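Reproduced below: structure-v5.cif, with mmCIF, C-alpha atoms.
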```cif
data_input
#
loop_
_atom_site.label_atom_id
_atom_site.label_comp_id
_atom_site.auth_asym_id
_atom_site.auth_seq_id
_atom_site.Cartn_x
_atom_site.Cartn_y
_atom_site.Cartn_z
CA MET A 86 -28.55 21.22 54.84
CA SER A 87 -28.34 17.46 55.17
CA THR A 88 -26.11 15.51 52.79
CA TYR A 89 -26.71 11.92 51.72
CA LYS A 90 -23.71 10.39 49.91
CA GLY A 91 -24.39 7.61 47.46
CA LYS A 92 -22.35 4.56 46.56
CA THR A 93 -19.45 4.96 44.15
CA VAL A 94 -19.66 2.88 40.99
CA THR A 95 -17.06 2.37 38.30
CA ILE A 96 -18.16 2.44 34.68
CA ASN A 97 -16.19 1.72 31.49
CA VAL A 98 -16.90 5.07 29.86
CA PRO A 99 -14.63 8.16 29.93
CA ALA A 100 -15.83 10.96 32.26
CA ASP A 101 -16.15 13.54 29.45
CA VAL A 102 -18.39 11.16 27.46
CA VAL A 103 -20.65 10.66 30.49
CA ALA A 104 -20.81 14.44 31.06
CA GLY A 105 -21.62 14.94 27.38
CA LYS A 106 -24.79 12.87 27.83
CA PHE A 107 -26.10 15.77 29.96
CA ASP A 108 -25.76 18.39 27.18
CA ASP A 109 -29.36 17.77 26.08
CA LEU A 110 -31.28 15.71 28.60
CA SER A 111 -34.18 15.13 26.22
CA ALA A 112 -31.82 13.13 23.99
CA MET A 113 -31.50 10.57 26.81
CA GLN A 114 -35.07 9.31 26.49
CA LYS A 115 -33.89 6.07 24.88
CA SER A 116 -31.52 5.44 27.79
CA PHE A 117 -34.36 6.04 30.26
CA ASP A 118 -36.55 3.62 28.34
CA ASN A 119 -33.87 0.96 28.92
CA ILE A 120 -33.84 1.40 32.70
CA PRO A 121 -35.31 -1.66 34.42
CA ALA A 122 -39.04 -1.32 35.15
CA GLU A 123 -38.47 -1.85 38.88
CA MET A 124 -36.14 1.17 39.06
CA ARG A 125 -38.49 3.32 36.93
CA GLU A 126 -41.40 2.50 39.26
CA LYS A 127 -39.40 3.74 42.24
CA MET A 128 -38.50 6.97 40.44
CA GLY A 129 -42.03 7.88 39.37
CA ASP A 130 -43.20 9.41 36.09
CA ILE A 131 -40.24 11.06 34.33
CA ARG A 132 -40.28 13.68 31.60
CA LEU A 133 -37.04 14.79 29.97
CA GLU A 134 -36.52 18.33 28.74
CA PRO A 135 -33.35 19.77 27.19
CA GLN A 136 -32.07 21.20 30.50
CA ALA A 137 -34.25 19.48 33.10
CA ILE A 138 -35.57 16.18 34.38
CA VAL A 139 -39.14 16.45 35.68
CA VAL A 140 -40.23 13.72 38.10
CA SER A 141 -43.86 13.38 39.16
CA ASN A 142 -44.93 11.12 41.96
CA PRO A 143 -47.96 11.08 44.25
CA MET A 144 -45.94 11.71 47.41
CA ALA A 145 -43.97 14.80 46.36
CA GLY A 146 -45.86 16.07 43.33
CA GLU A 147 -43.82 17.44 40.42
CA MET A 148 -40.11 17.95 41.04
CA ARG A 149 -38.10 19.75 38.35
CA PHE A 150 -34.34 19.07 38.44
CA GLU A 151 -32.54 21.68 36.33
CA ILE A 152 -28.88 21.59 35.39
CA GLU A 153 -27.09 24.28 37.39
CA GLU A 154 -23.48 23.34 36.58
CA ARG A 155 -21.88 21.01 34.05
CA THR A 156 -18.18 20.26 33.52
CA ASP A 157 -16.33 17.14 32.33
CA ASN A 158 -16.03 16.03 35.98
CA ARG A 159 -19.15 17.34 37.69
CA ILE A 160 -22.85 17.81 37.07
CA VAL A 161 -25.04 19.67 39.53
CA MET A 162 -28.82 19.50 39.26
CA GLY A 163 -31.12 21.48 41.52
CA CYS A 164 -34.79 21.38 42.46
CA SER A 165 -36.68 24.12 44.31
CA HIS A 166 -40.09 22.50 44.85
CA PRO A 167 -41.34 21.15 47.22
CA MET A 168 -38.04 22.01 48.97
CA ARG A 169 -34.51 22.92 47.92
CA LEU A 170 -32.67 19.77 46.83
CA VAL A 171 -29.32 19.52 45.02
CA MET A 172 -27.98 16.41 43.27
CA ASP A 173 -24.20 16.55 42.88
CA ILE A 174 -22.72 14.00 40.45
CA LEU A 175 -18.93 13.62 40.48
CA LEU A 176 -17.20 11.93 37.54
CA GLU A 177 -13.62 10.98 38.38
CA PRO A 178 -11.39 9.29 35.79
CA VAL A 179 -9.88 6.05 37.12
CA ALA A 180 -6.12 6.37 37.56
CA GLY A 181 -4.31 4.40 34.88
CA ASN A 182 -7.47 3.78 32.85
CA PRO A 183 -8.71 6.82 30.90
CA ASP A 184 -11.67 4.82 29.58
CA ALA A 185 -13.13 4.25 33.06
CA THR A 186 -14.90 6.62 35.43
CA GLU A 187 -15.84 6.49 39.10
CA VAL A 188 -19.31 7.98 39.54
CA SER A 189 -20.36 9.19 42.97
CA THR A 190 -23.40 11.17 43.96
CA ALA A 191 -24.54 13.27 46.87
CA VAL A 192 -27.98 14.64 47.64
CA GLU A 193 -28.14 17.85 49.65
CA VAL A 194 -31.51 18.87 51.01
CA ASP A 195 -32.75 21.42 53.47
CA LEU A 196 -34.99 19.23 55.66
CA PRO A 197 -36.72 20.32 58.83
CA PHE A 198 -35.39 18.21 61.70
CA PHE A 199 -38.74 16.46 62.25
CA LEU A 200 -38.79 15.18 58.64
CA LYS A 201 -35.27 13.67 58.69
CA PRO A 202 -36.39 10.36 60.25
CA LEU A 203 -39.17 10.03 57.67
CA LEU A 204 -37.41 11.18 54.50
CA GLY A 205 -33.75 10.54 55.33
CA PRO A 206 -33.78 6.81 54.46
CA ARG A 207 -35.54 7.50 51.13
CA LEU A 208 -33.03 10.22 50.26
CA GLN A 209 -30.16 7.86 51.08
CA GLN A 210 -31.74 5.26 48.81
CA ALA A 211 -32.04 7.87 46.05
CA ALA A 212 -28.39 8.87 46.45
CA ASP A 213 -27.28 5.22 46.31
CA GLY A 214 -29.35 4.50 43.21
CA PHE A 215 -28.47 7.62 41.28
CA SER A 216 -24.91 6.47 40.44
CA VAL A 217 -26.36 3.33 38.85
CA LEU A 218 -28.86 5.52 37.00
CA VAL A 219 -25.98 7.60 35.58
CA ALA A 220 -24.30 4.36 34.46
CA ASN A 221 -27.51 3.35 32.70
CA ILE A 222 -27.68 6.75 31.04
CA ALA A 223 -24.10 6.29 29.85
CA ASN A 224 -25.12 2.83 28.55
CA ALA A 225 -22.40 1.21 30.66
CA GLU A 226 -22.09 -1.70 33.01
CA CYS A 227 -21.14 -0.65 36.51
CA ALA A 228 -19.49 -2.15 39.56
CA ASP A 229 -20.16 -1.00 43.13
CA LYS A 230 -17.11 0.28 44.96
CA GLU A 231 -17.59 0.39 48.69
#
```

Could I get this file's structure written as structure tokens?
Amino acid sequence: MSTYKGKTVTINVPADVVAGKFDDLSAMQKSFDNIPAEMREKMGDIRLEPQAIVVSNPMAGEMRFEIEERTDNRIVMGCSHPMRLVMDILLEPVAGNPDATEVSTAVEVDLPFFLKPLLGPRLQQAADGFSVLVANIANAECADKE
């Protein structure tokens, strides 16, 4: 499996509150509606279900990301079609500030070696953008931490 680690962002929302937003994904529709149009265009057509995010785009078809694990500090979402892909979201409380969380993401995918040069940069872009997406879901401002 190849792993693409995204940027870490800090948001002013406690980790358990962010994790709680993933209890019923369909309840996040309003947050998704507030995502900038440019970012939504890059993500494709999105449908929210209670335990899954379904993304449809012309290149990959329909990809269904289902919640596989959820704790106050970690959310794991997996997709099996068109290939196995796992999105790992880590929510770490900021030391000394219980109302802030560092969000980092990693995308793990089982890519054939000949597809890595084609899809690798797009997967890295997805990993980088997903932390900001989580911040938008949590309705928080975020700051990149590099």

Which residues come within 8 Å of Val192 in chain A, counting only C-alpha atoms, excluding same-chain residues fewer than 3 positions away, as a PDB file with C-alpha atoms, in the frame of the given file?
```
ATOM      1  CA  THR A  88     -26.110  15.510  52.790  1.00  0.00           C
ATOM      2  CA  TYR A  89     -26.710  11.920  51.720  1.00  0.00           C
ATOM      3  CA  LYS A  90     -23.710  10.390  49.910  1.00  0.00           C
ATOM      4  CA  GLY A  91     -24.390   7.610  47.460  1.00  0.00           C
ATOM      5  CA  LEU A 170     -32.670  19.770  46.830  1.00  0.00           C
ATOM      6  CA  VAL A 171     -29.320  19.520  45.020  1.00  0.00           C
ATOM      7  CA  MET A 172     -27.980  16.410  43.270  1.00  0.00           C
ATOM      8  CA  ASP A 173     -24.200  16.550  42.880  1.00  0.00           C
ATOM      9  CA  LEU A 208     -33.030  10.220  50.260  1.00  0.00           C
ATOM     10  CA  GLN A 209     -30.160   7.860  51.080  1.00  0.00           C
ATOM     11  CA  ALA A 212     -28.390   8.870  46.450  1.00  0.00           C
TER      12      ALA A 212
END
```

What does the distance from CA of Gln136 in chain A to CA of Asp109 in chain A come to in Å, to one decimal?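 Interatomic distance, CA of Gln136 in chain A to CA of Asp109 in chain A: 6.2 Å.
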
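Residue nearest Arg169 in chain A within the list A:Val98, A:Asp195, A:Ile152, A:Thr186: A:Asp195 [criterion: smallest interatomic distance, only C-alpha atoms].
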
Residue with the minimum atom-to-atom distance to Phe215 in chain A, picked from A:Val179, A:Ile131, A:Ile174, A:Leu203 with only C-alpha atoms counted, is A:Ile174

**Request:** Translate the PyMOL selection byres ((chain A and resi 148) around 12), as applied to the file shown, into an explicit residue set as a ChimeraX atom specification.
**Result:** /A:128-133,137-147,149-151,162-171

Deliver the residues from the most recent selection as a file, using C-alpha atoms, as a JSON list (two decimals), keeping the file's coordinate frame.
```json
[["chain", "number", "residue", "atom", "x", "y", "z"],
["A", 128, "MET", "CA", -38.50, 6.97, 40.44],
["A", 129, "GLY", "CA", -42.03, 7.88, 39.37],
["A", 130, "ASP", "CA", -43.20, 9.41, 36.09],
["A", 131, "ILE", "CA", -40.24, 11.06, 34.33],
["A", 132, "ARG", "CA", -40.28, 13.68, 31.60],
["A", 133, "LEU", "CA", -37.04, 14.79, 29.97],
["A", 137, "ALA", "CA", -34.25, 19.48, 33.10],
["A", 138, "ILE", "CA", -35.57, 16.18, 34.38],
["A", 139, "VAL", "CA", -39.14, 16.45, 35.68],
["A", 140, "VAL", "CA", -40.23, 13.72, 38.10],
["A", 141, "SER", "CA", -43.86, 13.38, 39.16],
["A", 142, "ASN", "CA", -44.93, 11.12, 41.96],
["A", 143, "PRO", "CA", -47.96, 11.08, 44.25],
["A", 144, "MET", "CA", -45.94, 11.71, 47.41],
["A", 145, "ALA", "CA", -43.97, 14.80, 46.36],
["A", 146, "GLY", "CA", -45.86, 16.07, 43.33],
["A", 147, "GLU", "CA", -43.82, 17.44, 40.42],
["A", 149, "ARG", "CA", -38.10, 19.75, 38.35],
["A", 150, "PHE", "CA", -34.34, 19.07, 38.44],
["A", 151, "GLU", "CA", -32.54, 21.68, 36.33],
["A", 162, "MET", "CA", -28.82, 19.50, 39.26],
["A", 163, "GLY", "CA", -31.12, 21.48, 41.52],
["A", 164, "CYS", "CA", -34.79, 21.38, 42.46],
["A", 165, "SER", "CA", -36.68, 24.12, 44.31],
["A", 166, "HIS", "CA", -40.09, 22.50, 44.85],
["A", 167, "PRO", "CA", -41.34, 21.15, 47.22],
["A", 168, "MET", "CA", -38.04, 22.01, 48.97],
["A", 169, "ARG", "CA", -34.51, 22.92, 47.92],
["A", 170, "LEU", "CA", -32.67, 19.77, 46.83],
["A", 171, "VAL", "CA", -29.32, 19.52, 45.02]]
```

Taken to one decimal, the CA of Ala211 in chain A-CA of Glu193 in chain A distance is 11.3 Å

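In this structure, CA of Ser111 in chain A sits 18.3 Å away from CA of Thr156 in chain A.
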
*Non-local contacts of Ala185 in chain A (8 Å; all atoms listed in the file; under 2 positions in same chain excluded) as number ranges by chain*: A: 95-100, 178-179, 182-183, 187

Answer key for the PyMOL selection byres ((chain A and resi 114) around 12), residues as a ChimeraX atom specification | /A:106-107,109-113,115-120,131-135,138,221-223

Do you know which residues the PyMOL selection byres ((chain A and resi 93) around 6) returns on this file, as a list of chain:residue names?
A:Lys92, A:Val94, A:Val188, A:Ser189, A:Lys230

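Taking all atoms listed in the file into account, Val103 in chain A lies nearest to A:Leu176 out of the set A:Met86, A:Ala122, A:Leu176, A:Leu200.
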
Reconstructed N, CA and C atoms for range 149-184 of chain A, given as a CSV table (one decimal), keeping the file's coordinate frame:
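Saved as rebuild_22.csv:
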```csv
chain,number,residue,atom,x,y,z
A,149,ARG,N,-38.8,19.4,39.6
A,149,ARG,CA,-38.1,19.8,38.4
A,149,ARG,C,-36.6,19.9,38.7
A,150,PHE,N,-35.8,19.0,38.2
A,150,PHE,CA,-34.3,19.1,38.4
A,150,PHE,C,-33.7,19.7,37.2
A,151,GLU,N,-33.2,20.9,37.4
A,151,GLU,CA,-32.5,21.7,36.3
A,151,GLU,C,-31.0,21.6,36.5
A,152,ILE,N,-30.3,21.6,35.4
A,152,ILE,CA,-28.9,21.6,35.4
A,152,ILE,C,-28.4,23.0,35.8
A,153,GLU,N,-27.6,23.0,36.9
A,153,GLU,CA,-27.1,24.3,37.4
A,153,GLU,C,-25.6,24.4,37.1
A,154,GLU,N,-24.9,23.3,36.9
A,154,GLU,CA,-23.5,23.3,36.6
A,154,GLU,C,-23.2,22.1,35.8
A,155,ARG,N,-22.3,22.2,34.8
A,155,ARG,CA,-21.9,21.0,34.0
A,155,ARG,C,-20.4,21.2,33.6
A,156,THR,N,-19.6,20.3,34.0
A,156,THR,CA,-18.2,20.3,33.5
A,156,THR,C,-17.9,18.8,33.1
A,157,ASP,N,-16.7,18.5,32.7
A,157,ASP,CA,-16.3,17.1,32.3
A,157,ASP,C,-16.3,16.2,33.6
A,158,ASN,N,-16.2,16.8,34.8
A,158,ASN,CA,-16.0,16.0,36.0
A,158,ASN,C,-17.1,16.2,37.0
A,159,ARG,N,-18.1,17.1,36.7
A,159,ARG,CA,-19.2,17.3,37.7
A,159,ARG,C,-20.4,17.8,37.0
A,160,ILE,N,-21.5,17.3,37.5
A,160,ILE,CA,-22.8,17.8,37.1
A,160,ILE,C,-23.7,18.1,38.3
A,161,VAL,N,-24.2,19.3,38.4
A,161,VAL,CA,-25.0,19.7,39.5
A,161,VAL,C,-26.4,20.0,39.0
A,162,MET,N,-27.4,19.3,39.6
A,162,MET,CA,-28.8,19.5,39.3
A,162,MET,C,-29.6,19.9,40.5
A,163,GLY,N,-30.4,21.0,40.4
A,163,GLY,CA,-31.1,21.5,41.5
A,163,GLY,C,-32.6,21.5,41.3
A,164,CYS,N,-33.3,21.4,42.4
A,164,CYS,CA,-34.8,21.4,42.5
A,164,CYS,C,-35.2,22.3,43.6
A,165,SER,N,-36.2,23.1,43.3
A,165,SER,CA,-36.7,24.1,44.3
A,165,SER,C,-38.0,23.8,44.9
A,166,HIS,N,-38.7,22.8,44.3
A,166,HIS,CA,-40.1,22.5,44.8
A,166,HIS,C,-40.2,21.0,45.1
A,167,PRO,N,-40.7,20.5,46.1
A,167,PRO,CA,-41.3,21.2,47.2
A,167,PRO,C,-40.4,21.7,48.2
A,168,MET,N,-39.1,21.4,48.1
A,168,MET,CA,-38.0,22.0,49.0
A,168,MET,C,-36.8,22.1,48.2
A,169,ARG,N,-35.8,22.8,48.6
A,169,ARG,CA,-34.5,22.9,47.9
A,169,ARG,C,-33.8,21.6,48.0
A,170,LEU,N,-33.4,21.0,46.9
A,170,LEU,CA,-32.7,19.8,46.8
A,170,LEU,C,-31.6,19.9,45.7
A,171,VAL,N,-30.4,19.5,46.0
A,171,VAL,CA,-29.3,19.5,45.0
A,171,VAL,C,-28.7,18.1,44.8
A,172,MET,N,-28.6,17.7,43.6
A,172,MET,CA,-28.0,16.4,43.3
A,172,MET,C,-26.6,16.7,42.7
A,173,ASP,N,-25.6,16.3,43.3
A,173,ASP,CA,-24.2,16.6,42.9
A,173,ASP,C,-23.6,15.2,42.4
A,174,ILE,N,-23.2,15.2,41.1
A,174,ILE,CA,-22.7,14.0,40.4
A,174,ILE,C,-21.2,14.3,40.1
A,175,LEU,N,-20.4,13.5,40.7
A,175,LEU,CA,-18.9,13.6,40.5
A,175,LEU,C,-18.5,12.5,39.6
A,176,LEU,N,-17.7,12.9,38.5
A,176,LEU,CA,-17.2,11.9,37.5
A,176,LEU,C,-15.7,12.0,37.6
A,177,GLU,N,-15.1,11.0,38.2
A,177,GLU,CA,-13.6,11.0,38.4
A,177,GLU,C,-13.0,9.9,37.5
A,178,PRO,N,-12.1,10.3,36.6
A,178,PRO,CA,-11.4,9.3,35.8
A,178,PRO,C,-10.6,8.3,36.7
A,179,VAL,N,-10.6,7.1,36.3
A,179,VAL,CA,-9.9,6.0,37.1
A,179,VAL,C,-8.4,6.2,36.8
A,180,ALA,N,-7.6,6.3,37.8
A,180,ALA,CA,-6.1,6.4,37.6
A,180,ALA,C,-5.6,5.2,36.8
A,181,GLY,N,-4.9,5.5,35.7
A,181,GLY,CA,-4.3,4.4,34.9
A,181,GLY,C,-5.3,3.8,33.8
A,182,ASN,N,-6.5,4.3,33.8
A,182,ASN,CA,-7.5,3.8,32.8
A,182,ASN,C,-8.3,4.9,32.4
A,183,PRO,N,-8.0,5.6,31.3
A,183,PRO,CA,-8.7,6.8,30.9
A,183,PRO,C,-10.1,6.5,30.3
A,184,ASP,N,-10.4,5.2,30.1
A,184,ASP,CA,-11.7,4.8,29.6
A,184,ASP,C,-12.6,4.4,30.7
```
